[in-house]
Amino acid sequence: MKKESLGSLFWERFRRNSLAVSGGVIVICLFVLAVLAPEISPYKPNDIDRNSILMPPDIRHPLGTDDLGRDVLSRMIYGARISLAVGFVAVGIAALIGIVFGAVAGYYGGWIERIIMRFIDIMLTIPTFFLILAVIAFVEPSIWNIMIVIGLTGWMGVARLVRAEFLSVKERDYVMAARALGASDFRIIFRHIMINSMAPVLVSAVLGIAGAVLVESALSFLGIGVQPPTPSWGNILTLGKDNIEIAWWLSVFPGLAILITVLGYNLLGEGIRDSIDPRLRESERR
Amino acid sequence: MLTYLAKRLLEMIPTLFGITLISFLIIHLAPGKPTDALSEMNPKMTPEARERLEKYYGLDKPVMVQYGLWLKRIVRLDFGESFSMDRRPVMQKIWDTKQPITERRLFITFMLNLMAMIIILLIAIPIGISSATHQHTLFDKITTTTVFVGFAMPSFWLALLLMLLFGVYLDWLPISGLKSMNYDVLPFWGKVIDRVRHLVLPLFVVAFGSLAADSRYMRSSMLEVIRQDYVTVARAKGLSEKAVIYRHAFRNALLPLITLIGLSVPGLIGGSVIFENIFGIAGMGQLFFNGVMARDYPLIMAILTIGAFLTLLGNLLADVGYMLADPRIRTGQ
């Protein structure tokens, strides 16, 4: 009989889910694009060519050029770097804060839990996009600040998730055993409980990257995210809006890239969830 | 039922308090003084004048004292004066009493979101029900795919595409504002048609994102309910499929959706920044965006607070809806 570890069981389920696999392929392609950007992009992203301003797609510029004659395809390939970086760093920050708050609330309970949960309720009441904009009004709009702000306003879901996991796990026998053996709170939280509640956090983080990519592109589109000349899909779309009457390619391609990226992360996240535990399927999402 | 409602209202008070505290702290802990924005504009600003300005806004006092003073004012709906050139009271900018009600920014944003919400419900509920009752059919597959794409669709890109198609290439619909230049001289029906033409694209864009989420939610909630014993019983006693679905299953499947609607309010309000910006609609979202660009901090604080208040209101309405739909809560069991 074949030996079945948890990992191989997961992989077996994941592999059979064609949507999940295609999500994974999209995400891997993005990584490759981002890492190899200098090698594969046909032009430098900031090379200005006065002789080919706002040219529609043709052989020389497969996705056309923008108002400064820069090659849109090259700018979009470099834009993948921004999108990838923002997604991972912002979600990393959010996950870290969420895990700490959720773990503390779930493990200790009592008034600490009440205060944290109330704080989460309040944060969820303020429209996130307003909150992000309000903070950005007072800091320089740079890619680092964008990452931090998106992370600081996106941890509440993870915190709730981790707390719920902790509540259901902390009375289990193995936790009791660890406590009886004299393990410290820190050790119990991180070595014993956390390991067993990572799966839903991972899923929510992958789905969260999709959300962060959307927020970054929206901010850059509004002109308060990644600042030109650094290329990002969002700020190419701004040019698309400014030249909507004459240059459709500036509006169509970057948006398509965002759509495919977000779709990829969503498919991957849902695929991981279904593979970890098929029972979770069709359960609450968003 | 009344006690339940009263309890919910009481619970709102500390939340409201917390919201004001957070909006206040964000602005005050952020690097750079709020008066920087005022003084940057003016090269003649001397340190003395600056000090006077800080005193005027109470910025020389400890943060908690400032918070207390601010709280005292906003209870009376006084959000102070805007930092922009016109120096108008912030409240007048949001709710301009000199203009007819349909021109006031808060009203415009509120009505757009309300209309979008109604459209979402009118479309999402039937779609969710049919794809649940026709699970694994072509219709279900098409809606499921559409929903998945809908989740990933950046709303501002959808807006751009629609503007490109219907505004530029087909030239069917206007792409900016809420009425035409010649609106005032139009006859009554002309006015109505003009309004509707301007509303089609923005409302579609606002509704689209939530449509995906809500119809999906309705579908899974419905799938769960139609597997329940009481639905089988209803079928077994010979009720028509229509009665089973709409009388027995539908009401119970609606409950989680009500919660979801309440939760979607902050997203809708936050999204108004984006779509009002794209479609050139003079609502609260656009005002907020302009305020952010100008670092108009009394305005930013005011709209943060009002946005959160509207969210709380949405949650409360969801609670009331839940109560009306669920007899167990209504009778206080």
# chains A, B, ... in the order shown; residues from 1 in each chain; ligands from 1

$ closest_atom_pairs --of "chain A" --to "chain B" --cutoff "8 Å" --atoms "only C-alpha atoms" --output "Markdown table"
| residue | atom | partner | partner_atom | distance |
| --- | --- | --- | --- | --- |
| A:Arg118 | CA | B:Thr15 | CA | 7.5 |
| A:Phe119 | CA | B:Gly18 | CA | 7.7 |
| A:Asp121 | CA | B:Thr15 | CA | 7.6 |
| A:Ile122 | CA | B:Thr15 | CA | 5.8 |
| A:Met123 | CA | B:Ile19 | CA | 7.6 |
| A:Leu124 | CA | B:Pro266 | CA | 7.9 |
| A:Thr125 | CA | B:Ala308 | CA | 5.3 |
| A:Ile126 | CA | B:Ala308 | CA | 4.4 |
| A:Pro127 | CA | B:Pro266 | CA | 4.3 |
| A:Thr128 | CA | B:Gly270 | CA | 6.5 |
| A:Phe129 | CA | B:Gly270 | CA | 4.9 |
| A:Phe130 | CA | B:Gly270 | CA | 5.6 |
| A:Leu131 | CA | B:Leu304 | CA | 7.2 |
| A:Leu133 | CA | B:Val292 | CA | 6.7 |
| A:Ala134 | CA | B:Val292 | CA | 6.4 |
| A:Val135 | CA | B:Ile26 | CA | 6.8 |
| A:Ile136 | CA | B:Val292 | CA | 7.8 |
| A:Ala137 | CA | B:Val292 | CA | 5.0 |
| A:Phe138 | CA | B:Ala30 | CA | 6.0 |
| A:Val139 | CA | B:Pro31 | CA | 6.7 |
| A:Ala210 | CA | B:Ala152 | CA | 7.8 |
| A:Leu214 | CA | B:Pro154 | CA | 6.3 |
| A:Ala218 | CA | B:Phe156 | CA | 7.1 |
| A:Leu222 | CA | B:Ile274 | CA | 7.5 |
| A:Leu237 | CA | B:Trp157 | CA | 7.8 |
| A:Lys241 | CA | B:Leu160 | CA | 6.7 |
| A:Ile244 | CA | B:Leu164 | CA | 6.6 |
| A:Glu245 | CA | B:Val168 | CA | 6.2 |
| A:Trp248 | CA | B:Leu164 | CA | 7.2 |
| A:Ser251 | CA | B:Leu160 | CA | 6.7 |
| A:Val252 | CA | B:Leu161 | CA | 7.1 |
| A:Gly255 | CA | B:Trp157 | CA | 5.7 |
| A:Ile258 | CA | B:Pro154 | CA | 7.3 |
| A:Leu259 | CA | B:Met153 | CA | 5.4 |
| A:Ile260 | CA | B:Ala152 | CA | 7.6 |
| A:Val262 | CA | B:Ala152 | CA | 5.2 |
| A:Leu263 | CA | B:Ala152 | CA | 5.2 |
| A:Asn266 | CA | B:Ala152 | CA | 7.7 |
| A:Glu282 | CA | B:Ser220 | CA | 6.3 |
| A:Ser283 | CA | B:Ser220 | CA | 7.7 |
| A:Glu284 | CA | B:Tyr217 | CA | 7.9 |
| A:Arg286 | CA | B:Ala213 | CA | 7.8 |

$ write_last_selection --atoms "C-alpha atoms" --output "short mmCIF file (atom, residue, chain, number, x, y, z; two decimals), in the first residue's frame"
data_model
loop_
_atom_site.label_atom_id
_atom_site.label_comp_id
_atom_site.auth_asym_id
_atom_site.auth_seq_id
_atom_site.Cartn_x
_atom_site.Cartn_y
_atom_site.Cartn_z
CA ARG A 118 -14.12 45.64 19.90
CA PHE A 119 -11.16 47.27 18.20
CA ASP A 121 -15.32 45.80 15.03
CA ILE A 122 -14.47 49.48 14.97
CA MET A 123 -11.79 49.06 12.30
CA LEU A 124 -14.29 47.13 10.17
CA THR A 125 -16.81 49.94 10.50
CA ILE A 126 -14.61 52.59 8.91
CA PRO A 127 -14.69 52.11 5.15
CA THR A 128 -11.23 50.64 4.43
CA PHE A 129 -10.66 52.65 1.31
CA PHE A 130 -11.39 55.88 3.19
CA LEU A 131 -8.98 54.81 5.92
CA LEU A 133 -6.72 57.38 1.63
CA ALA A 134 -6.76 59.30 4.90
CA VAL A 135 -3.41 57.88 5.93
CA ILE A 136 -1.91 58.38 2.48
CA ALA A 137 -2.89 62.04 2.63
CA PHE A 138 -0.23 62.53 5.29
CA VAL A 139 2.60 60.30 4.09
CA ALA A 210 -5.62 39.37 -4.59
CA LEU A 214 -6.68 45.41 -6.46
CA ALA A 218 -6.88 51.45 -7.63
CA LEU A 222 -6.17 57.56 -8.71
CA LEU A 237 -4.60 52.87 -16.68
CA LYS A 241 -8.41 57.32 -18.89
CA ILE A 244 -9.66 57.39 -23.62
CA GLU A 245 -10.83 59.00 -26.86
CA TRP A 248 -7.92 52.17 -26.25
CA SER A 251 -7.13 51.13 -21.05
CA VAL A 252 -7.51 47.52 -22.10
CA GLY A 255 -6.65 46.06 -16.68
CA ILE A 258 -4.85 42.96 -13.11
CA LEU A 259 -7.90 40.79 -13.79
CA ILE A 260 -5.82 37.72 -14.66
CA VAL A 262 -6.36 38.58 -9.18
CA LEU A 263 -8.15 35.64 -10.77
CA ASN A 266 -8.29 33.66 -6.09
CA GLU A 282 -18.85 26.30 -0.38
CA SER A 283 -18.41 27.72 3.08
CA GLU A 284 -18.23 31.40 3.80
CA ARG A 286 -14.82 37.01 1.21
#

$ residues_around --residues "Phe190 (chain A)" --least-positions-apart "2" --cutoff "12 Å" --atoms "only C-alpha atoms" --output "PyMOL selection string"
chain A and resi 99-100+103-104+107+162+166+170+175+178+183-188+192-198

$ select_by_dssp --residues "region 95-251 of chain B" --states "helix (DSSP H, G or I)" --output "JSON, numbers by chain"
{"B": [101, 102, 103, 105, 106, 107, 108, 109, 110, 111, 112, 113, 114, 115, 116, 117, 118, 119, 120, 121, 122, 123, 124, 125, 126, 127, 128, 129, 130, 131, 132, 133, 138, 139, 140, 141, 142, 143, 144, 145, 146, 147, 148, 149, 150, 151, 152, 155, 156, 157, 158, 159, 160, 161, 162, 163, 164, 165, 166, 167, 168, 169, 183, 184, 185, 188, 189, 190, 191, 192, 193, 194, 195, 196, 197, 198, 199, 200, 201, 202, 203, 204, 205, 206, 207, 208, 209, 210, 211, 212, 213, 214, 215, 216, 217, 218, 219, 220, 221, 222, 223, 224, 225, 229, 230, 231, 232, 233, 234, 235, 236, 241, 242, 243, 244, 245, 246, 247, 248, 249, 250, 251]}

$ residues_around --residues "region 122-127 of chain B" --least-positions-apart "4" --cutoff "8 Å" --atoms "only C-alpha atoms" --output "PyMOL selection string"
chain B and resi 118+131+143+211-212+214-215+218-219

$ atom_distance --atom1 "CA of Cys29 (chain A)" --atom2 "CA of Val203 (chain A)"
19.9 Å

$ closest_residue --among "A:Ala247, A:Leu63, A:Ile209, A:Leu181" --to "Leu268 (chain A)" --atoms "only C-alpha atoms"
A:Ile209

$ residues_around --residues "Gly157 (chain A)" --least-positions-apart "2" --cutoff "12 Å" --atoms "only C-alpha atoms" --output "PyMOL selection string"
chain A and resi 91+94-99+101-102+117+120-121+123-124+151-155+159-164+200-201+203-205+207-208+285-286

$ residues_around --residues "Arg75 (chain A)" --least-positions-apart "5" --cutoff "10 Å" --atoms "only C-alpha atoms" --output "number ranges by chain"
A: 37, 41-47, 65-66, 70, 80, 229-233, 236, 254

$ write_last_selection --atoms "C-alpha atoms" --output "PDB file, in the first residue's frame"
ATOM      1  CA  ALA A  37      11.742  41.552 -16.437  1.00  0.00           C
ATOM      2  CA  SER A  41      10.994  43.114 -21.919  1.00  0.00           C
ATOM      3  CA  PRO A  42      11.717  44.325 -25.462  1.00  0.00           C
ATOM      4  CA  TYR A  43      12.496  47.912 -24.392  1.00  0.00           C
ATOM      5  CA  LYS A  44      13.559  49.689 -21.228  1.00  0.00           C
ATOM      6  CA  PRO A  45      10.379  50.679 -19.337  1.00  0.00           C
ATOM      7  CA  ASN A  46      11.307  54.355 -19.205  1.00  0.00           C
ATOM      8  CA  ASP A  47      12.789  54.785 -22.679  1.00  0.00           C
ATOM      9  CA  THR A  65       2.991  52.954 -26.761  1.00  0.00           C
ATOM     10  CA  ASP A  66       1.938  55.612 -24.268  1.00  0.00           C
ATOM     11  CA  ARG A  70       7.233  54.297 -24.006  1.00  0.00           C
ATOM     12  CA  ALA A  80       4.308  42.863 -12.522  1.00  0.00           C
ATOM     13  CA  PRO A 229       7.798  57.156 -13.894  1.00  0.00           C
ATOM     14  CA  THR A 230       7.833  53.849 -11.947  1.00  0.00           C
ATOM     15  CA  PRO A 231       5.475  51.714 -14.028  1.00  0.00           C
ATOM     16  CA  SER A 232       2.490  50.060 -12.379  1.00  0.00           C
ATOM     17  CA  TRP A 233      -0.623  48.610 -13.995  1.00  0.00           C
ATOM     18  CA  ILE A 236      -0.804  53.015 -16.957  1.00  0.00           C
ATOM     19  CA  PRO A 254      -3.146  46.735 -17.990  1.00  0.00           C
TER      20      PRO A 254
END
